[in-house]
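Undergrad: Please find one structure pasted underneath; my questions will follow.
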Amino acid sequence: MIGQDFFGWTGKVLRVDLGTGAQDVLRLPEAVYRDYLGGKGLGGYLLRDFATLSPDDPALPLILAVGPLNATIAPTSGRCHLTTRSPLTGAVADSSAGGRLGTELARAGWDAVVIVGRAERPTGLEIDNDTVRLVDASALQGCDTHEVFARLRLRRPKGSIAATGPAADTGCLFASLIVDTHHAAGRCGLGRVAGLKNLKYLAVHGTGRRKVADLPTLKVAREDILRLTAASPALMGQHGFSCFGTGSIFDLMDSRRMMPTDNFARTRFPGAENLNAHAYKQRYQPRRHGCQGCHVLCKKIAADGRSLPEFETMSHFTALIGNTDLELVMQAGDLCGRLGLDTISAGSTLACYREISGEELSGARVLELLTGMGTGTGPGAELANGSAKYAAAQGRPELSMSVKGLELPAYDPRGAYGMALAYATSTRGGCHLRAYPISHEILRKPVATDRFSFSGKARIVKIAEDANACVDSLIACKFLFFAASLEEYARAFSAVTGVAATAHDLLLVGERVDYQERLMNARNGFAARHDDLPPRFFAEEGTSGPNLPIPPVPREDFLACRAAYYRIRGLTPDGLPTRETAERLGLPWPASLGGA
């Protein structure tokens, strides 16, 4: 167990049963922290014995975990990682949430909070250092997230709040948790799991400090990271994330013929040049905002208080559904935040509906359908299960642009073959952040690769998945790794914890964390047949431009690259984990997987 002299972690995990009100403090062996770090890794460790439980089983945990860097001066160390099983996909569900949640939880003295059980009525979980309370939140039933935040801030002006909206209560499978008004634990339906537990909100305030082993060395590591960040055009340049948010890549996706248009039927949207981040900045005069401990401040808040859309929201509520109205994007994004809807799944499901029904979507119709998704009423209610289930019910399953049931974000895979592989192999489904090949295929960081080739992509994607799993376990922001690397963060980690570690050591942790998720998915029946793309990408070309053809993804090359990825990852030809690789990584072999 972690003793008093341990740094970076507290050794305390809070377990709360919403059904019985019981509260327990779990003390984990020191080796668990060294092997999984925290955040994503610790969340997976705490989930794995329950990973086959149905999302509506009260015993399924909803886990919030922080890492050793939280609440320190390490850059971008304010995030929190949430983990459970997805009601949308049945696979592992996790999300890195911004705001102050991670910092407050770490300052309150907890490495993780494990929430189980089901309350009889809407309930709030309030944590103030060691004091933990369950509060009747019946008065907030049906309130949107902005109303929840407004009411709670009257008596809790300090700290962080994560809340669900109506979507979580009415059964939307891609409901999100909204954090501190402007941030989301989106994707996979984490909010729905909270709703199934009758957890309306979580409020955390901490006043403690994380113990750091070597503050002078941490300051040096911090300065190295800040220096590299300052030199990054993608992050701090006049057209970078600091100035325009993630929407700064909108023009890049347009020019590279990679912007998903009309439910991914095309890859360029006429008029996109008038819908970019510069247009939002000119019209809405935003101020900079960001997560606790971040100097990039990529979040943008309009003068009227609404969040400016991030890139995926910008793209999915314009090109994907055939809309050219900036204000509709603002209204749709704001409505999703209030209802607690994941904007990627919401936009993609609208696009799927539009193609199947043949209906052109006016602004009023878009808002009507989103409202139905989030409230379970009206014509949008049938879309609340996501595009895969909707398309299957309509007899057109091929028109759901999803992997493992999770809708694809705004990067068309016909324009970046590493992205095609990464979508397919992602443990949580259609996700760009597991490996983020856009970094090298489009932004050319750390080195440029040929985006129309699968050459070398199997190993690149595997290493990137490991690195990003480590980043989510430390915790830090993936975007900072456009500039910094695990070498700088290994020095920060060692300075905080006193545990000597190299970048290679941290990469091995990331490999263990990723493989742990694959073991859980295998127990839930996932295999190679799920590691695939919708047929559209192999059969239809994109929108070519002058001297820039966008052909279909060559399927045989894709399958060969996926097979190479399986070999490199230590999986069987059918994409399943092996006992040999699990043992090499120090992971227990599940009895349900037999003797493979």
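A note on labels: chains of the structure tokens are A, B, ... as shown, every chain counts residues from 1, and ligands are counted from 1 in their shown order.
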Out of segment 288-474 of chain A, which residues get strand (DSSP E) from DSSP, as a ChimeraX atom specification?
TA: /A:288-289,299-301,402-403,406-407
Undergrad: Do a neighbour search on Gln285 of chain A at 7 Å with only C-alpha atoms, toss out local chain neighbours closer than 2 positions, and write the hits as number ranges by chain.
TA: A: 281-283, 287, 302-303
Undergrad: Distance table requested - segment 160-220 of chain A against segment 499-519 of chain A, cut-off 12 Å, only C-alpha atoms: one row per qualifying residue with the closest atom pair and its distance in Å to one decimal, ordered by chain and rising residue number, as CSV.
TA:
residue,atom,partner,partner_atom,distance
A:Val212,CA,A:Val499,CA,11.1
A:Ala213,CA,A:Val499,CA,9.0
A:Asp214,CA,A:Val499,CA,10.5
Undergrad: What's around segment 556-561 of chain A at 10 Å? Count only C-alpha atoms, leave out sequence neighbours fewer than 4 positions away in its own chain, and write the answer as a ChimeraX atom specification.
TA: /A:417-418,420-421,424,453-459,531-533,538,565-567
Undergrad: Just write the chosen residues, C-alpha atoms, as a JSON list (two decimals), in the first residue's frame.
TA:
[["chain", "number", "residue", "atom", "x", "y", "z"],
["A", 417, "TYR", "CA", -5.03, 5.84, -44.56],
["A", 418, "GLY", "CA", -3.52, 5.88, -41.09],
["A", 420, "ALA", "CA", -8.65, 4.53, -41.68],
["A", 421, "LEU", "CA", -6.65, 1.96, -39.71],
["A", 424, "ALA", "CA", -10.92, 0.37, -37.23],
["A", 453, "SER", "CA", -0.21, 4.90, -48.20],
["A", 454, "PHE", "CA", -0.55, 2.15, -45.60],
["A", 455, "SER", "CA", 3.23, 1.71, -45.54],
["A", 456, "GLY", "CA", 4.46, 1.73, -41.94],
["A", 457, "LYS", "CA", 1.05, 2.74, -40.61],
["A", 458, "ALA", "CA", 0.47, -0.45, -38.60],
["A", 459, "ARG", "CA", 3.45, 0.21, -36.35],
["A", 531, "ASP", "CA", -12.38, -3.76, -36.62],
["A", 532, "ASP", "CA", -13.68, -2.55, -39.96],
["A", 533, "LEU", "CA", -14.98, 0.53, -41.76],
["A", 538, "PHE", "CA", -14.04, 0.95, -49.92],
["A", 565, "TYR", "CA", -1.18, -4.33, -36.88],
["A", 566, "TYR", "CA", -2.50, -7.48, -35.21],
["A", 567, "ARG", "CA", 0.96, -9.09, -35.37]]
Undergrad: With a cut-off of 9 Å, could you pull out the residues of segment 400-511 of chain A touching segment 257-266 of chain A and give me the nearest pair of atoms for each, distance in Å to one decimal, using only C-alpha atoms, ordered by chain and ascending number, as CSV?
TA:
residue,atom,partner,partner_atom,distance
A:Ser400,CA,A:Asn263,CA,8.4
A:Met401,CA,A:Asn263,CA,7.2
A:Pro409,CA,A:Pro260,CA,8.6
A:Ala410,CA,A:Pro260,CA,5.9
A:Tyr411,CA,A:Met258,CA,5.8
A:Asp412,CA,A:Met258,CA,4.9
A:Pro413,CA,A:Met258,CA,7.5
A:Arg414,CA,A:Met258,CA,7.4
A:Gly415,CA,A:Met258,CA,5.4
A:Ala416,CA,A:Met258,CA,8.0
Undergrad: Taking 5 positions as the minimum chain separation for residues in the same chain, which residues sit within 6 Å of Ala167 of chain A when counting only C-alpha atoms? Answer as a VMD selection string.
TA: chain A and resid 172 175 339 to 340 374 to 375
Undergrad: Export C-alpha atoms of the chosen residues as a PDB file, in the first residue's frame?
TA:
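So the final result, stored in result.pdb, reads:
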ATOM      1  CA  CYS A 172     -30.261   8.591 -25.203  1.00  0.00           C
ATOM      2  CA  ALA A 175     -25.701  11.150 -23.612  1.00  0.00           C
ATOM      3  CA  LEU A 339     -29.409  18.506 -23.238  1.00  0.00           C
ATOM      4  CA  GLY A 340     -26.188  16.587 -22.634  1.00  0.00           C
ATOM      5  CA  GLY A 374     -32.378  14.718 -25.829  1.00  0.00           C
ATOM      6  CA  THR A 375     -35.890  14.584 -24.394  1.00  0.00           C
TER       7      THR A 375
END
Undergrad: Which of segment 235-303 of chain A counts as helix (DSSP H, G or I) under DSSP, as a PyMOL selection string please?
TA: chain A and resi 235-236+241-255+272-274+277-284
Undergrad: Skip segment 63-65 of chain A itself and residues of its chain fewer than 3 positions away, then list as a PyMOL selection string all residues within 9 Å of it, counting only C-alpha atoms.
TA: chain A and resi 13+38-44+46-47+80-84+102+105-106+110-116+473
Undergrad: At a cut-off of 10 Å, using only C-alpha atoms, what residues contact Thr578 of chain A? Leave out same-chain residues fewer than 3 positions from it and give the result as a ChimeraX atom specification.
TA: /A:515,519,570-572,575,581-583,589,593,595-596
Undergrad: Which residue, A:Arg256, A:Arg48, A:Lys12, A:His182, has the smallest gap to Asn524 of chain A when you use only C-alpha atoms?
TA: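 Checking each of A:Arg256, A:Arg48, A:Lys12, A:His182 against Asn524 of chain A, counting only C-alpha atoms, the winner is A:Arg48.
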Undergrad: Restricting the calculation to only C-alpha atoms, which member of A:Glu382, A:Glu223, A:Asp304, A:Asp466 is positioned closest to Thr349 of chain A?
TA: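 Closest to Thr349 of chain A of all the choices is A:Glu382.
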Undergrad: Taking into account only C-alpha atoms, which residue in the set A:Pro55, A:Pro233, A:Gly99, A:Gly206 is nearest to Lys158 of chain A?
TA: A:Gly206
Undergrad: Would you pick out the contacts of Asp56 of chain A at 7 Å or less, using only C-alpha atoms, so that residues sharing its chain but fewer than 2 positions from it are not included, and give the list as a list in words?
TA: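 Near Asp56 of chain A, the qualifying residues are Ser54, Pro58 and Leu196 of chain A.
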Undergrad: Could you state the separation of atom CA of Gly430 of chain A and atom CA of Arg187 of chain A in Å, given to one decimal place?
TA: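 Straight-line distance from atom CA of Gly430 of chain A to atom CA of Arg187 of chain A works out to 9.6 Å.
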Undergrad: With distances taken over only C-alpha atoms, which of A:Ala139, A:Val403, A:Ala346, A:Cys298 is nearest to Ala384 of chain A?
TA: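 Under the stated criterion, the closest residue is A:Ala346.
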Undergrad: Hey, can you check how far atom CA of Glu407 of chain A sits from atom CA of His183 of chain A?
TA: 19.6 Å
Undergrad: Between atom CA of Ser255 of chain A and atom CA of Ser315 of chain A, what is the distance in Å, rounded to a tenth?
TA: 13.5 Å
